[in-house]
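Q: One structure is given below, represented as structure tokens, and several questions about it will come after.
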Amino acid sequence: MTMKKIKDRVLLGVLVGVFSAIVGRLLNTFEYRAGLTDAKYDNMAANLFVDKRQIGTPEGRTIGAVVNAVLTGVAGISIVYLLSMTGRDKPVLKGMGIGILFWLALFGLTPRVGIVERFKKPLSPLLGLVDHLIFGGLCGWIVSKFGDSTLFPDVGQKNVKRKLPLFSYAKKPGTRGNTIK
């Protein structure tokens, strides 16, 4: 019995991103409780929308969890599309590349422009890098295993059905070109 694989890129990306974030959140919680970092991902995410004093409130924690889930879903979708364009070879490495991009934005850009406070503990950005490498690598690996083979341009693979297009175009009757569906 073969497992039915996911054919929808967005659904696959969101599921993989949110699932893989569980590992990242567990790592971050351990690092924070051990006193190694002063970065908590949900707090950083909540800081985009609420005042620093409101981050610890139930509303602040909720918005932080929602924003973090959205960001991890977007990262997952990015990894799915990257693998859809480049193939399933080296999925962990490709996922780690997307993880680094998100780490750069979260730990480099947002403190620099004043969205979040700069980290007081020097290990915070380094541990954040490790967390994002693990997150991205796990996302890439899961996408390569649970994504339907029609999503990927793997060359020379046997029994691969027609590859699904990255974007779908449909010709409307009476038009002279293709229109986006």
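Chain labels A, B, ... are given in the sequence in which chains occur in the structure tokens; within each chain residues are numbered consecutively from 1, and ligands are likewise numbered from 1 in the order shown.
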Please report as a tab-separated table every residue of region 31-78 of chain A lying within 10 Å of region 106-111 of chain A, along with the nearest atom pair and their distance in Å (one decimal), using only C-alpha atoms.
A:
residue	atom	partner	partner_atom	distance
A:Ala39	CA	A:Phe107	CA	9.2
A:Tyr41	CA	A:Leu106	CA	9.2
A:Met44	CA	A:Leu106	CA	8.3
A:Ala45	CA	A:Leu106	CA	9.1
A:Leu48	CA	A:Thr110	CA	9.3
Q: For the interface of region 78-140 of chain A with region 23-37 of chain A (cut-off 6 Å, counting only C-alpha atoms), please tabulate each contacting residue of region 78-140 of chain A alongside its nearest pair of atoms and their separation in Å to one decimal, rows sorted by chain and increasing number, as JSON lines.
A:
{"residue": "A:Lys121", "atom": "CA", "partner": "A:Thr37", "partner_atom": "CA", "distance": 5.9}
{"residue": "A:Ser124", "atom": "CA", "partner": "A:Thr37", "partner_atom": "CA", "distance": 4.6}
{"residue": "A:Asp131", "atom": "CA", "partner": "A:Gly24", "partner_atom": "CA", "distance": 5.6}
{"residue": "A:Phe135", "atom": "CA", "partner": "A:Gly24", "partner_atom": "CA", "distance": 5.9}
Q: Go ahead and save the picked residues with N, CA and C atoms, as a short mmCIF file (atom, residue, chain, number, x, y, z; two decimals), in the first residue's frame.
A:
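Saved file out-v4.cif follows:
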data_model
loop_
_atom_site.label_atom_id
_atom_site.label_comp_id
_atom_site.auth_asym_id
_atom_site.auth_seq_id
_atom_site.Cartn_x
_atom_site.Cartn_y
_atom_site.Cartn_z
N LYS A 121 22.30 38.66 24.78
CA LYS A 121 23.18 37.50 24.89
C LYS A 121 23.81 37.22 23.52
N SER A 124 22.54 34.33 21.24
CA SER A 124 21.20 34.34 20.67
C SER A 124 21.17 34.23 19.15
N ASP A 131 18.91 26.85 14.96
CA ASP A 131 17.49 26.51 14.93
C ASP A 131 16.93 26.62 13.51
N PHE A 135 15.39 23.75 11.16
CA PHE A 135 14.04 23.94 10.64
C PHE A 135 14.01 23.81 9.11
#
Q: Give me the residues near region 52-63 of chain A as a PyMOL selection string, where near means some atom within 10 Å (using only C-alpha atoms) and where sequence neighbours in that chain fewer than 6 positions away do not count.
A: chain A and resi 42-46+69+116-117
Q: Store the residues of this selection in a file with N, CA and C atoms, as a compact mmCIF listing (two decimals), in the first residue's frame.
A:
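And here's again.txt as it stands now:
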# COMPACT_ATOMS: atom_id res chain seq x y z
N ASP A 42 8.07 33.43 19.53
CA ASP A 42 6.71 33.98 19.60
C ASP A 42 6.73 35.44 20.08
N ASN A 43 7.64 35.75 21.01
CA ASN A 43 7.74 37.13 21.49
C ASN A 43 8.23 38.06 20.38
N MET A 44 9.21 37.58 19.61
CA MET A 44 9.71 38.39 18.50
C MET A 44 8.61 38.62 17.47
N ALA A 45 7.83 37.59 17.21
CA ALA A 45 6.73 37.70 16.25
C ALA A 45 5.64 38.65 16.77
N ALA A 46 5.32 38.53 18.05
CA ALA A 46 4.29 39.40 18.64
C ALA A 46 4.73 40.85 18.61
N ALA A 69 3.33 31.08 13.18
CA ALA A 69 2.79 30.03 12.31
C ALA A 69 2.72 30.51 10.86
N VAL A 116 12.55 44.79 16.49
CA VAL A 116 12.75 44.09 17.76
C VAL A 116 14.03 44.62 18.39
N GLU A 117 14.14 44.45 19.70
CA GLU A 117 15.34 44.91 20.41
C GLU A 117 16.53 44.04 20.03
Q: Select from chain A everything DSSP, run on the backbone, classes as helix (DSSP H, G or I), then give the selection as a PyMOL selection string.
A: chain A and resi 9-33+41-46+52-54+58-86+91-112+123-146+149-151
Q: Record the distance separating CA of Leu133 (chain A) and CA of Val80 (chain A), expressed in Å with one decimal.
A: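 About the pair CA of Leu133 (chain A) and CA of Val80 (chain A): they are 16.0 Å apart.
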Q: At a cut-off of 7 Å, using only C-alpha atoms, what residues contact Val92 (chain A)? Leave out same-chain residues fewer than 5 positions from it and give the result as a PyMOL selection string.
A: chain A and resi 137-138+140-141
Q: Residues at most 10 Å from Val143 (chain A), counting only C-alpha atoms, excluding those fewer than 2 positions away in the same chain, as a list in words?
A: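 My reading of the contact set: Lys5, Ile6, Arg9, Leu12, Gly13, Leu15, Val16, Gly17, Gly76, Ile77, Ile79, Val80, Leu83, Ser84, Arg88, Pro91, Val92, Gly95, Gly137, Leu138, Cys139, Gly140, Trp141, Lys145, Phe146, Gly147 and Asp148 of chain A.
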Q: Using only C-alpha atoms, please write the residues we just selected to a file, as an mmCIF file, in the first residue's frame.
A:
data_model
loop_
_atom_site.group_PDB
_atom_site.id
_atom_site.type_symbol
_atom_site.label_atom_id
_atom_site.label_comp_id
_atom_site.auth_asym_id
_atom_site.auth_seq_id
_atom_site.Cartn_x
_atom_site.Cartn_y
_atom_site.Cartn_z
ATOM 1 C CA LYS A 5 1.284 12.219 -1.441
ATOM 2 C CA ILE A 6 0.323 15.898 -1.397
ATOM 3 C CA ARG A 9 2.242 23.181 -3.256
ATOM 4 C CA LEU A 12 2.244 21.039 1.424
ATOM 5 C CA GLY A 13 4.318 24.105 2.329
ATOM 6 C CA LEU A 15 1.749 21.814 6.666
ATOM 7 C CA VAL A 16 5.468 21.138 6.460
ATOM 8 C CA GLY A 17 6.400 24.606 7.739
ATOM 9 C CA GLY A 76 7.552 26.007 4.016
ATOM 10 C CA ILE A 77 5.877 27.300 0.846
ATOM 11 C CA ILE A 79 10.957 25.571 0.199
ATOM 12 C CA VAL A 80 8.271 23.720 -1.791
ATOM 13 C CA LEU A 83 12.333 22.279 -4.818
ATOM 14 C CA SER A 84 9.631 22.479 -7.506
ATOM 15 C CA ARG A 88 14.418 17.118 -5.080
ATOM 16 C CA PRO A 91 16.519 18.893 -0.260
ATOM 17 C CA VAL A 92 18.063 19.355 3.193
ATOM 18 C CA GLY A 95 15.853 23.924 2.856
ATOM 19 C CA GLY A 137 16.664 21.199 6.576
ATOM 20 C CA LEU A 138 13.760 19.326 8.150
ATOM 21 C CA CYS A 139 11.283 21.180 5.918
ATOM 22 C CA GLY A 140 13.282 20.297 2.807
ATOM 23 C CA TRP A 141 13.526 16.641 3.763
ATOM 24 C CA LYS A 145 9.268 12.721 1.004
ATOM 25 C CA PHE A 146 5.614 13.829 1.145
ATOM 26 C CA GLY A 147 5.317 15.948 -1.994
ATOM 27 C CA ASP A 148 3.893 14.206 -5.042
#
Q: To one decimal place in Å, what is the distance between CA of Leu93 (chain A) and CA of Gly136 (chain A)?
A: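 Interatomic distance, CA of Leu93 (chain A) to CA of Gly136 (chain A): 8.2 Å.
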Q: Could you list, as a list in words, every residue within 9 Å of Leu71 (chain A), counting only C-alpha atoms and ignoring same-chain residues fewer than 3 positions away?
A: Gly17, Val18, Ala45, Val66, Val67, Asn68, Val74, Ala75, Gly76 and Phe102 of chain A
Q: Go through A:Leu129, A:Ile22, A:Met85, A:Leu151 one by one, measure the shortest atom-to-atom distance of each to Leu101 (chain A) using only C-alpha atoms, and give the residue with the smallest value.
A: A:Leu129
